[in-house]
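Asker: Below is the file my_file_17.pdb, with PDB, C-alpha atoms.
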```pdb
ATOM      1  CA  MET A   1     -19.908 -54.386   2.656
ATOM      2  CA  SER A   2     -16.966 -54.608   5.052
ATOM      3  CA  LEU A   3     -16.591 -52.455   8.152
ATOM      4  CA  LYS A   4     -13.394 -51.027   6.727
ATOM      5  CA  LEU A   5     -15.168 -49.852   3.560
ATOM      6  CA  HIS A   6     -17.939 -48.267   5.618
ATOM      7  CA  ARG A   7     -15.333 -46.308   7.553
ATOM      8  CA  LEU A   8     -13.599 -45.152   4.391
ATOM      9  CA  ARG A   9     -16.865 -43.889   2.931
ATOM     10  CA  ALA A  10     -17.758 -42.174   6.194
ATOM     11  CA  PHE A  11     -14.424 -40.373   6.298
ATOM     12  CA  ALA A  12     -14.802 -39.367   2.626
ATOM     13  CA  CYS A  13     -18.232 -37.852   3.274
ATOM     14  CA  LEU A  14     -16.877 -36.144   6.369
ATOM     15  CA  ALA A  15     -13.998 -34.605   4.432
ATOM     16  CA  LEU A  16     -16.373 -33.356   1.711
ATOM     17  CA  ALA A  17     -18.758 -31.831   4.252
ATOM     18  CA  LEU A  18     -15.884 -30.187   6.069
ATOM     19  CA  ALA A  19     -14.541 -28.711   2.837
ATOM     20  CA  LEU A  20     -17.952 -27.302   1.869
ATOM     21  CA  ALA A  21     -18.528 -25.869   5.323
ATOM     22  CA  THR A  22     -15.097 -24.291   5.383
ATOM     23  CA  ALA A  23     -15.651 -22.714   1.986
ATOM     24  CA  SER A  24     -18.721 -20.912   3.291
ATOM     25  CA  VAL A  25     -16.845 -19.332   6.178
ATOM     26  CA  PRO A  26     -14.258 -16.636   5.372
ATOM     27  CA  THR A  27     -10.775 -17.323   6.664
ATOM     28  CA  ALA A  28      -7.812 -15.068   7.178
ATOM     29  CA  ALA A  29      -5.289 -14.977   4.387
ATOM     30  CA  LYS A  30      -1.672 -15.401   5.389
ATOM     31  CA  ASP A  31      -0.774 -12.207   3.570
ATOM     32  CA  PRO A  32      -4.001 -10.167   3.363
ATOM     33  CA  LEU A  33      -4.348  -7.260   0.997
ATOM     34  CA  PRO A  34      -6.208  -4.050   1.767
ATOM     35  CA  PRO A  35      -9.863  -4.082   0.704
ATOM     36  CA  PRO A  36     -10.430  -2.551  -2.725
ATOM     37  CA  THR A  37     -11.970   0.894  -2.971
ATOM     38  CA  GLY A  38     -15.743   0.760  -2.573
ATOM     39  CA  VAL A  39     -15.836  -2.352  -0.381
ATOM     40  CA  ALA A  40     -16.818  -1.854   3.262
ATOM     41  CA  GLY A  41     -14.954  -3.875   5.873
ATOM     42  CA  ILE A  42     -11.604  -4.401   7.522
ATOM     43  CA  GLU A  43      -8.768  -6.588   6.292
ATOM     44  CA  GLU A  44      -6.257  -6.607   9.112
ATOM     45  CA  GLN A  45      -2.749  -5.476   8.292
ATOM     46  CA  LEU A  46      -1.132  -6.415  11.595
ATOM     47  CA  GLY A  47       2.617  -5.972  11.576
ATOM     48  CA  ARG A  48       2.572  -3.787   8.481
ATOM     49  CA  ASN A  49       3.228  -0.071   8.394
ATOM     50  CA  ALA A  50       0.464   2.475   7.983
ATOM     51  CA  ALA A  51       1.074   5.197   5.400
ATOM     52  CA  VAL A  52       2.402   7.839   7.791
ATOM     53  CA  ASP A  53       4.385   9.635   5.094
ATOM     54  CA  LEU A  54       1.200  11.488   4.133
ATOM     55  CA  VAL A  55       0.261  15.104   4.827
ATOM     56  CA  MET A  56      -3.182  15.936   6.253
ATOM     57  CA  VAL A  57      -4.811  19.057   7.686
ATOM     58  CA  ASP A  58      -5.597  19.414  11.400
ATOM     59  CA  GLU A  59      -8.446  21.254  13.143
ATOM     60  CA  HIS A  60      -6.418  24.480  13.113
ATOM     61  CA  GLY A  61      -6.055  24.384   9.328
ATOM     62  CA  ASP A  62      -2.354  23.503   9.529
ATOM     63  CA  SER A  63      -0.809  20.891   7.236
ATOM     64  CA  VAL A  64       0.821  18.144   9.284
ATOM     65  CA  ARG A  65       2.824  15.102   8.305
ATOM     66  CA  LEU A  66       1.384  12.005   9.966
ATOM     67  CA  GLU A  67       4.760  10.658  11.018
ATOM     68  CA  SER A  68       5.265  13.785  13.133
ATOM     69  CA  LEU A  69       2.129  12.839  15.070
ATOM     70  CA  VAL A  70       2.754   9.096  15.239
ATOM     71  CA  ASP A  71       5.796   9.564  17.465
ATOM     72  CA  ARG A  72       4.324   7.469  20.293
ATOM     73  CA  PRO A  73       1.591   4.803  20.563
ATOM     74  CA  THR A  74      -1.300   6.205  18.570
ATOM     75  CA  ILE A  75      -4.988   5.294  18.573
ATOM     76  CA  VAL A  76      -6.619   5.991  15.202
ATOM     77  CA  ALA A  77     -10.376   6.376  14.753
ATOM     78  CA  LEU A  78     -11.641   6.544  11.161
ATOM     79  CA  VAL A  79     -14.988   8.353  10.885
ATOM     80  CA  TYR A  80     -16.783  10.952   8.802
ATOM     81  CA  TYR A  81     -18.093  14.062  10.463
ATOM     82  CA  THR A  82     -21.684  14.005   9.193
ATOM     83  CA  CYS A  83     -22.203  10.362  10.159
ATOM     84  CA  PRO A  84     -25.714  10.099  11.650
ATOM     85  CA  SER A  85     -25.235   6.994  13.783
ATOM     86  CA  VAL A  86     -22.172   4.757  13.961
ATOM     87  CA  CYS A  87     -19.446   7.404  14.273
ATOM     88  CA  ARG A  88     -21.046   9.380  17.069
ATOM     89  CA  PRO A  89     -21.260   6.415  19.478
ATOM     90  CA  LEU A  90     -17.653   5.582  18.577
ATOM     91  CA  LEU A  91     -16.471   9.097  19.459
ATOM     92  CA  ASP A  92     -18.623   9.059  22.610
ATOM     93  CA  GLU A  93     -16.952   5.813  23.684
ATOM     94  CA  ILE A  94     -13.470   7.130  22.891
ATOM     95  CA  THR A  95     -14.147  10.198  25.026
ATOM     96  CA  ASP A  96     -15.370   8.035  27.882
ATOM     97  CA  VAL A  97     -12.480   5.563  27.767
ATOM     98  CA  LEU A  98      -9.882   8.354  27.518
ATOM     99  CA  GLY A  99     -11.158   9.686  30.832
ATOM    100  CA  LYS A 100     -10.814   6.212  32.335
ATOM    101  CA  LEU A 101      -7.282   5.862  30.944
ATOM    102  CA  TYR A 102      -6.452   9.107  32.706
ATOM    103  CA  GLN A 103      -7.561   7.497  35.974
ATOM    104  CA  LEU A 104      -5.231   4.557  35.201
ATOM    105  CA  GLN A 105      -2.255   6.948  35.177
ATOM    106  CA  MET A 106      -1.925   6.860  31.382
ATOM    107  CA  LYS A 107      -0.708  10.301  30.368
ATOM    108  CA  PRO A 108      -2.241  11.596  27.113
ATOM    109  CA  GLY A 109       0.308  13.208  24.858
ATOM    110  CA  VAL A 110       3.081  11.335  26.658
ATOM    111  CA  ASP A 111       2.081   7.664  26.789
ATOM    112  CA  TYR A 112      -0.209   7.826  23.769
ATOM    113  CA  ARG A 113      -1.895  10.060  21.221
ATOM    114  CA  VAL A 114      -5.317   9.913  19.506
ATOM    115  CA  LEU A 115      -6.033  10.740  15.866
ATOM    116  CA  THR A 116      -9.503  11.064  14.393
ATOM    117  CA  VAL A 117      -9.238  10.854  10.617
ATOM    118  CA  SER A 118     -12.185  11.685   8.369
ATOM    119  CA  PHE A 119     -12.499   9.477   5.300
ATOM    120  CA  ASP A 120     -14.915  11.950   3.663
ATOM    121  CA  GLU A 121     -12.942  14.245   1.388
ATOM    122  CA  HIS A 122     -15.699  16.858   1.730
ATOM    123  CA  ASP A 123     -14.983  17.359   5.447
ATOM    124  CA  ARG A 124     -12.968  20.484   6.161
ATOM    125  CA  PRO A 125     -10.756  21.796   9.011
ATOM    126  CA  GLU A 126     -13.667  23.865  10.326
ATOM    127  CA  ASP A 127     -15.635  20.609  10.646
ATOM    128  CA  SER A 128     -12.719  19.113  12.590
ATOM    129  CA  ALA A 129     -12.679  22.132  14.876
ATOM    130  CA  ARG A 130     -16.439  21.951  15.428
ATOM    131  CA  LEU A 131     -16.364  18.252  16.288
ATOM    132  CA  LYS A 132     -13.355  18.589  18.567
ATOM    133  CA  GLY A 133     -15.118  21.480  20.249
ATOM    134  CA  GLU A 134     -17.960  19.134  21.108
ATOM    135  CA  TYR A 135     -15.815  16.400  22.657
ATOM    136  CA  ALA A 136     -12.850  18.198  24.229
ATOM    137  CA  PRO A 137     -14.916  19.720  27.097
ATOM    138  CA  ARG A 138     -15.930  16.198  28.138
ATOM    139  CA  LEU A 139     -12.315  15.174  28.756
ATOM    140  CA  PRO A 140     -10.427  15.739  32.018
ATOM    141  CA  THR A 141      -9.539  19.415  32.393
ATOM    142  CA  SER A 142      -5.803  18.714  32.233
ATOM    143  CA  PHE A 143      -6.079  16.662  29.029
ATOM    144  CA  PRO A 144      -3.626  18.307  26.566
ATOM    145  CA  ASP A 145      -5.188  19.831  23.465
ATOM    146  CA  THR A 146      -2.451  18.290  21.295
ATOM    147  CA  ALA A 147      -3.132  14.745  22.531
ATOM    148  CA  TRP A 148      -6.248  14.364  20.342
ATOM    149  CA  THR A 149      -6.028  15.652  16.776
ATOM    150  CA  PHE A 150      -8.810  15.735  14.164
ATOM    151  CA  LEU A 151      -7.663  15.419  10.559
ATOM    152  CA  THR A 152      -9.081  15.870   7.058
ATOM    153  CA  SER A 153      -7.579  15.419   3.612
ATOM    154  CA  ASP A 154      -8.226  14.944  -0.090
ATOM    155  CA  ALA A 155      -9.632  11.747  -1.617
ATOM    156  CA  GLU A 156      -6.285  10.387  -2.842
ATOM    157  CA  THR A 157      -4.552  10.831   0.519
ATOM    158  CA  ILE A 158      -7.518   9.316   2.341
ATOM    159  CA  ALA A 159      -7.510   6.304   0.015
ATOM    160  CA  ARG A 160      -3.806   5.716   0.574
ATOM    161  CA  PHE A 161      -4.118   5.853   4.333
ATOM    162  CA  THR A 162      -7.290   3.796   4.694
ATOM    163  CA  GLN A 163      -5.999   1.100   2.365
ATOM    164  CA  SER A 164      -2.725   0.931   4.259
ATOM    165  CA  VAL A 165      -4.607   0.071   7.473
ATOM    166  CA  GLY A 166      -7.095  -2.214   5.705
ATOM    167  CA  PHE A 167     -10.131   0.014   6.275
ATOM    168  CA  GLY A 168     -12.690  -0.228   3.463
ATOM    169  CA  PHE A 169     -15.706   2.045   3.059
ATOM    170  CA  LYS A 170     -18.332   2.726   0.418
ATOM    171  CA  ARG A 171     -20.235   5.902  -0.343
ATOM    172  CA  VAL A 172     -24.009   5.448  -0.616
ATOM    173  CA  GLY A 173     -25.631   8.734  -1.591
ATOM    174  CA  GLU A 174     -24.595  11.335   0.961
ATOM    175  CA  GLU A 175     -23.564   8.722   3.521
ATOM    176  CA  PHE A 176     -21.122   5.831   3.846
ATOM    177  CA  VAL A 177     -21.227   2.153   4.640
ATOM    178  CA  HIS A 178     -18.186   1.488   6.814
ATOM    179  CA  PRO A 179     -16.887  -0.603   9.718
ATOM    180  CA  SER A 180     -16.359   0.703  13.228
ATOM    181  CA  ALA A 181     -13.005   0.004  14.862
ATOM    182  CA  LEU A 182      -9.889   1.541  16.340
ATOM    183  CA  VAL A 183      -6.451   0.970  14.854
ATOM    184  CA  VAL A 184      -3.461   1.102  17.203
ATOM    185  CA  LEU A 185      -0.083   2.137  15.797
ATOM    186  CA  SER A 186       3.372   1.897  17.315
ATOM    187  CA  PRO A 187       5.750   4.881  17.208
ATOM    188  CA  GLY A 188       6.691   5.082  13.546
ATOM    189  CA  GLY A 189       3.416   3.643  12.297
ATOM    190  CA  LYS A 190       3.455  -0.156  12.630
ATOM    191  CA  ILE A 191      -0.062  -1.568  12.993
ATOM    192  CA  THR A 192      -0.113  -3.498  16.268
ATOM    193  CA  ARG A 193      -3.766  -3.932  17.186
ATOM    194  CA  TYR A 194      -7.372  -3.585  16.012
ATOM    195  CA  LEU A 195     -10.118  -2.985  18.559
ATOM    196  CA  TYR A 196     -13.729  -3.688  17.642
ATOM    197  CA  GLY A 197     -17.123  -3.243  19.222
ATOM    198  CA  ALA A 198     -19.295  -0.556  20.750
ATOM    199  CA  GLU A 199     -17.391  -0.475  24.038
ATOM    200  CA  TYR A 200     -13.689  -0.560  24.891
ATOM    201  CA  LEU A 201     -12.285  -1.775  28.182
ATOM    202  CA  PRO A 202      -9.770   0.690  29.641
ATOM    203  CA  LEU A 203      -7.399  -2.117  30.656
ATOM    204  CA  GLU A 204      -7.539  -3.631  27.168
ATOM    205  CA  LEU A 205      -6.740  -0.272  25.613
ATOM    206  CA  LYS A 206      -3.957   0.266  28.149
ATOM    207  CA  MET A 207      -2.470  -3.111  27.190
ATOM    208  CA  ALA A 208      -2.743  -2.216  23.491
ATOM    209  CA  ILE A 209      -0.847   1.020  24.172
ATOM    210  CA  TYR A 210       1.894  -0.848  26.058
ATOM    211  CA  GLU A 211       2.199  -3.369  23.224
ATOM    212  CA  ALA A 212       2.417  -0.565  20.689
ATOM    213  CA  SER A 213       5.123   1.180  22.703
ATOM    214  CA  GLU A 214       7.236  -1.966  22.329
ATOM    215  CA  GLY A 215       6.214  -2.578  18.712
ATOM    216  CA  ARG A 216       4.546  -5.870  19.650
ATOM    217  CA  VAL A 217       1.613  -7.057  17.568
ATOM    218  CA  GLY A 218      -1.319  -8.014  19.795
ATOM    219  CA  PRO A 219      -4.149 -10.488  19.140
ATOM    220  CA  THR A 220      -7.631  -9.377  18.117
ATOM    221  CA  ILE A 221     -11.015 -10.985  17.678
ATOM    222  CA  ALA A 222     -11.377  -9.687  14.138
ATOM    223  CA  ARG A 223     -11.639 -13.118  12.542
ATOM    224  CA  MET A 224     -14.437 -14.173  14.876
ATOM    225  CA  LEU A 225     -16.143 -10.829  14.246
ATOM    226  CA  ARG A 226     -16.103 -11.419  10.513
ATOM    227  CA  ILE A 227     -17.357 -14.976  10.960
ATOM    228  CA  CYS A 228     -20.138 -14.170  13.414
ATOM    229  CA  TYR A 229     -21.172 -10.693  12.310
ATOM    230  CA  SER A 230     -22.176  -8.997   9.086
ATOM    231  CA  TYR A 231     -22.450  -5.299   8.431
ATOM    232  CA  ASP A 232     -26.022  -4.101   7.949
ATOM    233  CA  PRO A 233     -25.959  -1.125   5.538
ATOM    234  CA  GLU A 234     -29.531  -0.107   6.394
ATOM    235  CA  GLY A 235     -29.084  -0.243  10.164
ATOM    236  CA  ARG A 236     -25.438   0.873   9.836
ATOM    237  CA  LYS A 237     -24.251  -1.622  12.419
ATOM    238  CA  TYR A 238     -22.892  -5.146  12.798
ATOM    239  CA  VAL A 239     -25.572  -7.793  13.173
ATOM    240  CA  LEU A 240     -25.287 -11.392  14.253
ATOM    241  CA  ASN A 241     -24.903 -13.712  11.259
ATOM    242  CA  VAL A 242     -26.667 -16.916  12.274
ATOM    243  CA  THR A 243     -25.737 -18.738   9.048
ATOM    244  CA  ARG A 244     -22.039 -18.252   9.672
ATOM    245  CA  ILE A 245     -22.345 -19.305  13.295
ATOM    246  CA  VAL A 246     -24.155 -22.477  12.219
ATOM    247  CA  GLY A 247     -21.441 -23.109   9.651
ATOM    248  CA  ALA A 248     -18.717 -22.687  12.262
ATOM    249  CA  GLY A 249     -20.654 -24.977  14.607
ATOM    250  CA  MET A 250     -20.892 -27.615  11.880
ATOM    251  CA  ILE A 251     -17.139 -27.480  11.396
ATOM    252  CA  LEU A 252     -16.476 -27.966  15.092
ATOM    253  CA  THR A 253     -19.007 -30.806  15.253
ATOM    254  CA  LEU A 254     -17.539 -32.559  12.218
ATOM    255  CA  VAL A 255     -13.991 -32.217  13.500
ATOM    256  CA  GLY A 256     -15.061 -33.617  16.850
ATOM    257  CA  PHE A 257     -16.844 -36.508  15.143
ATOM    258  CA  ALA A 258     -13.772 -37.251  13.019
ATOM    259  CA  LEU A 259     -11.579 -37.328  16.115
ATOM    260  CA  TYR A 260     -14.079 -39.634  17.829
ATOM    261  CA  LEU A 261     -14.106 -42.064  14.868
ATOM    262  CA  ALA A 262     -10.325 -42.069  14.705
ATOM    263  CA  ALA A 263     -10.025 -42.761  18.444
ATOM    264  CA  ALA A 264     -12.671 -45.497  18.277
ATOM    265  CA  SER A 265     -10.897 -47.127  15.346
ATOM    266  CA  ARG A 266      -7.579 -47.164  17.195
ATOM    267  CA  ARG A 267      -9.250 -48.571  20.294
ATOM    268  CA  ARG A 268     -10.912 -51.407  18.353
ATOM    269  CA  ALA A 269      -7.684 -52.187  16.554
ATOM    270  CA  LYS A 270      -5.888 -52.384  19.880
ATOM    271  CA  GLU A 271      -8.597 -54.645  21.312
ATOM    272  CA  MET A 272      -8.433 -56.955  18.272
ATOM    273  CA  GLY A 273      -4.673 -57.076  18.561
ATOM    274  CA  THR A 274      -4.918 -58.247  22.130
TER     275      THR A 274
END
```
When written as structure tokens, how does the structure in this file appear?

Answerer:
Amino acid sequence: MSLKLHRLRAFACLALALALATASVPTAAKDPLPPPTGVAGIEEQLGRNAAVDLVMVDEHGDSVRLESLVDRPTIVALVYYTCPSVCRPLLDEITDVLGKLYQLQMKPGVDYRVLTVSFDEHDRPEDSARLKGEYAPRLPTSFPDTAWTFLTSDAETIARFTQSVGFGFKRVGEEFVHPSALVVLSPGGKITRYLYGAEYLPLELKMAIYEASEGRVGPTIARMLRICYSYDPEGRKYVLNVTRIVGAGMILTLVGFALYLAAASRRRAKEMGT
């Protein structure tokens, strides 16, 4: 069998392996759609507009139109108030990083606003008030009360908003399976950034706020998160997905090998020509 035929077969096998490996790793669609109801996860909607034409109820029991709140860069945290694990650390971290933003001369209520939106239709304004009462005293004393609003609403309104930002959740008994992330909106409601993880760097959040103020869409690590991590419904947290990491590693290895074969082939052809 000729050397040329061997190379053709090698490249064919390489292409097949690459295709199979790629199929096992989720990729970002060019025009992603919000996750369907009952599916936990995030499908980024960067550059699209959140549904800010909706009316929700704040911690004072007043009905407010979202677009009246999203009049400046806005950080949105989607939680439910009886969450036993994931939501509490998220709110703890938000409280901590808001204090650090204050030290970075970022003025709450002027440079940015924070909205906590419950995706449990059973949560009520009194629950919003109770939760805000727990976290507000931990903020700097001059932090404006209106800079962080807690919101509740009915199931239909919640579904419209969460789907517009690509946030999917699933009820399991009295609890929910859901992702943990912050969504950053520009004035008017354009989705400009997603922030993931258990901790948020103050400078990263400050940059996200600046980007939102200019309506610029910023990069995220969401795709790597979905490749390397899976949501564990029992532990209610993201866990490292070794299979996906191995798959991604195989792709990188195969691509590198293909580039090596191509370079070697060109080098031999050049040597034979001389």

Asker: What residues come out when you apply the PyMOL selection byres ((chain A and resi 134) around 12) to this file, written as a list in words?

Answerer: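 So the PyMOL selection byres ((chain A and resi 134) around 12) ends up selecting Tyr81, Arg88, Leu91, Asp92, Thr95, Asp127, Ser128, Ala129, Arg130, Leu131, Lys132, Gly133, Tyr135, Ala136, Pro137, Arg138, Leu139 and Phe150 of chain A.
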
Asker: Using all atoms listed in the file, which of A:Asp120, A:Glu199, A:Glu156, A:Glu204 sits nearest Lys170 of chain A?

Answerer: A:Asp120

Asker: Atom CA of Gln163 of chain A to atom CA of Thr192 of chain A: how many Å, to one decimal?

Answerer: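 Result for atom CA of Gln163 of chain A versus atom CA of Thr192 of chain A: 15.8 Å, one decimal.
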
Asker: Once the PyMOL selection byres ((chain A and resi 213-218) around 10) has been applied to the shown file, what residues remain in the selection, as JSON, numbers by chain?

Answerer: {"A": [46, 47, 48, 71, 72, 73, 74, 111, 112, 184, 185, 186, 187, 188, 189, 190, 191, 192, 193, 194, 207, 208, 209, 210, 211, 212, 219, 220]}

Asker: Quick one: which residues end up in the PyMOL selection byres ((chain A and resi 41) around 9) for this structure, as a PyMOL selection string?

Answerer: chain A and resi 35+39-40+42-43+166-169+177-180+226+231

Asker: Do a neighbour search on Ala181 of chain A at 8 Å with all atoms listed in the file, toss out local chain neighbours closer than 6 positions, and write the hits as a list of chain:residue names.

Answerer: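 Those residues are A:Ala77, A:Leu78, A:Tyr194, A:Leu195, A:Tyr196, A:Gly197.
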
Asker: Closest to Cys83 of chain A among A:Lys206, A:Arg160, A:Pro144, A:Phe119, using only C-alpha atoms?

Answerer: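 So, comparing all the options, the nearest one is A:Phe119.
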
Asker: Could the centre and edge lengths of an axis-aligned box, enclosing all atoms of segment 79-89 of chain A in the file with 4 Å extra on each side, be given in Å to one decimal as lines of an AutoDock Vina configuration file?

Answerer:
```
center_x = -20.4
center_y = 9.4
center_z = 14.1
size_x = 18.7
size_y = 17.3
size_z = 18.7
```

Asker: Please report the interatomic distance between atom CA of Ser164 of chain A and atom CA of Ala51 of chain A in Å with one decimal.

Answerer: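 Interatomic distance, atom CA of Ser164 of chain A to atom CA of Ala51 of chain A: 5.8 Å.
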
Asker: Would you work out the distance separating atom CA of Thr141 of chain A from atom CA of Val183 of chain A, expressed in Å to one decimal?

Answerer: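 Atom CA of Val183 of chain A lies at a distance of 25.6 Å from atom CA of Thr141 of chain A.
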
Asker: Pull the neighbourhood of (-6.8, 11.1, 3.7) for me: all residues within 8 Å in file coordinates, counting all atoms listed in the file, as a ChimeraX atom specification.

Answerer: /A:56,117-119,121,152-162

Asker: With C-alpha atoms retained, export the selected residues as a JSON list (two decimals), in the frame of the given file.

Answerer:
```json
[["chain", "number", "residue", "atom", "x", "y", "z"],
["A", 56, "MET", "CA", -3.18, 15.94, 6.25],
["A", 117, "VAL", "CA", -9.24, 10.85, 10.62],
["A", 118, "SER", "CA", -12.18, 11.68, 8.37],
["A", 119, "PHE", "CA", -12.50, 9.48, 5.30],
["A", 121, "GLU", "CA", -12.94, 14.24, 1.39],
["A", 152, "THR", "CA", -9.08, 15.87, 7.06],
["A", 153, "SER", "CA", -7.58, 15.42, 3.61],
["A", 154, "ASP", "CA", -8.23, 14.94, -0.09],
["A", 155, "ALA", "CA", -9.63, 11.75, -1.62],
["A", 156, "GLU", "CA", -6.28, 10.39, -2.84],
["A", 157, "THR", "CA", -4.55, 10.83, 0.52],
["A", 158, "ILE", "CA", -7.52, 9.32, 2.34],
["A", 159, "ALA", "CA", -7.51, 6.30, 0.02],
["A", 160, "ARG", "CA", -3.81, 5.72, 0.57],
["A", 161, "PHE", "CA", -4.12, 5.85, 4.33],
["A", 162, "THR", "CA", -7.29, 3.80, 4.69]]
```

Asker: Find the residue from A:Gln45, A:Ser142, A:Ser68, A:Thr116 that sits nearest to Gly99 of chain A; use only C-alpha atoms when measuring.

Answerer: A:Ser142

Asker: Quick one: of A:Met106, A:Arg124, A:Phe176, A:Cys87, who's nearest to Phe143 of chain A, counting all atoms listed in the file?

Answerer: A:Met106

Asker: Give as an mmCIF file with C-alpha atoms, in the coordinates of the input each residue that has an atom at most 8 Å from (5.2, 11.0, 6.2) in the file, counting all atoms listed in the file.

Answerer:
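The file below, point.cif, is the result:
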```cif
data_model
loop_
_atom_site.group_PDB
_atom_site.id
_atom_site.type_symbol
_atom_site.label_atom_id
_atom_site.label_comp_id
_atom_site.auth_asym_id
_atom_site.auth_seq_id
_atom_site.Cartn_x
_atom_site.Cartn_y
_atom_site.Cartn_z
ATOM 1 C CA ALA A 51 1.074 5.197 5.400
ATOM 2 C CA VAL A 52 2.402 7.839 7.791
ATOM 3 C CA ASP A 53 4.385 9.635 5.094
ATOM 4 C CA LEU A 54 1.200 11.488 4.133
ATOM 5 C CA VAL A 55 0.261 15.104 4.827
ATOM 6 C CA ARG A 65 2.824 15.102 8.305
ATOM 7 C CA LEU A 66 1.384 12.005 9.966
ATOM 8 C CA GLU A 67 4.760 10.658 11.018
ATOM 9 C CA SER A 68 5.265 13.785 13.133
#
```
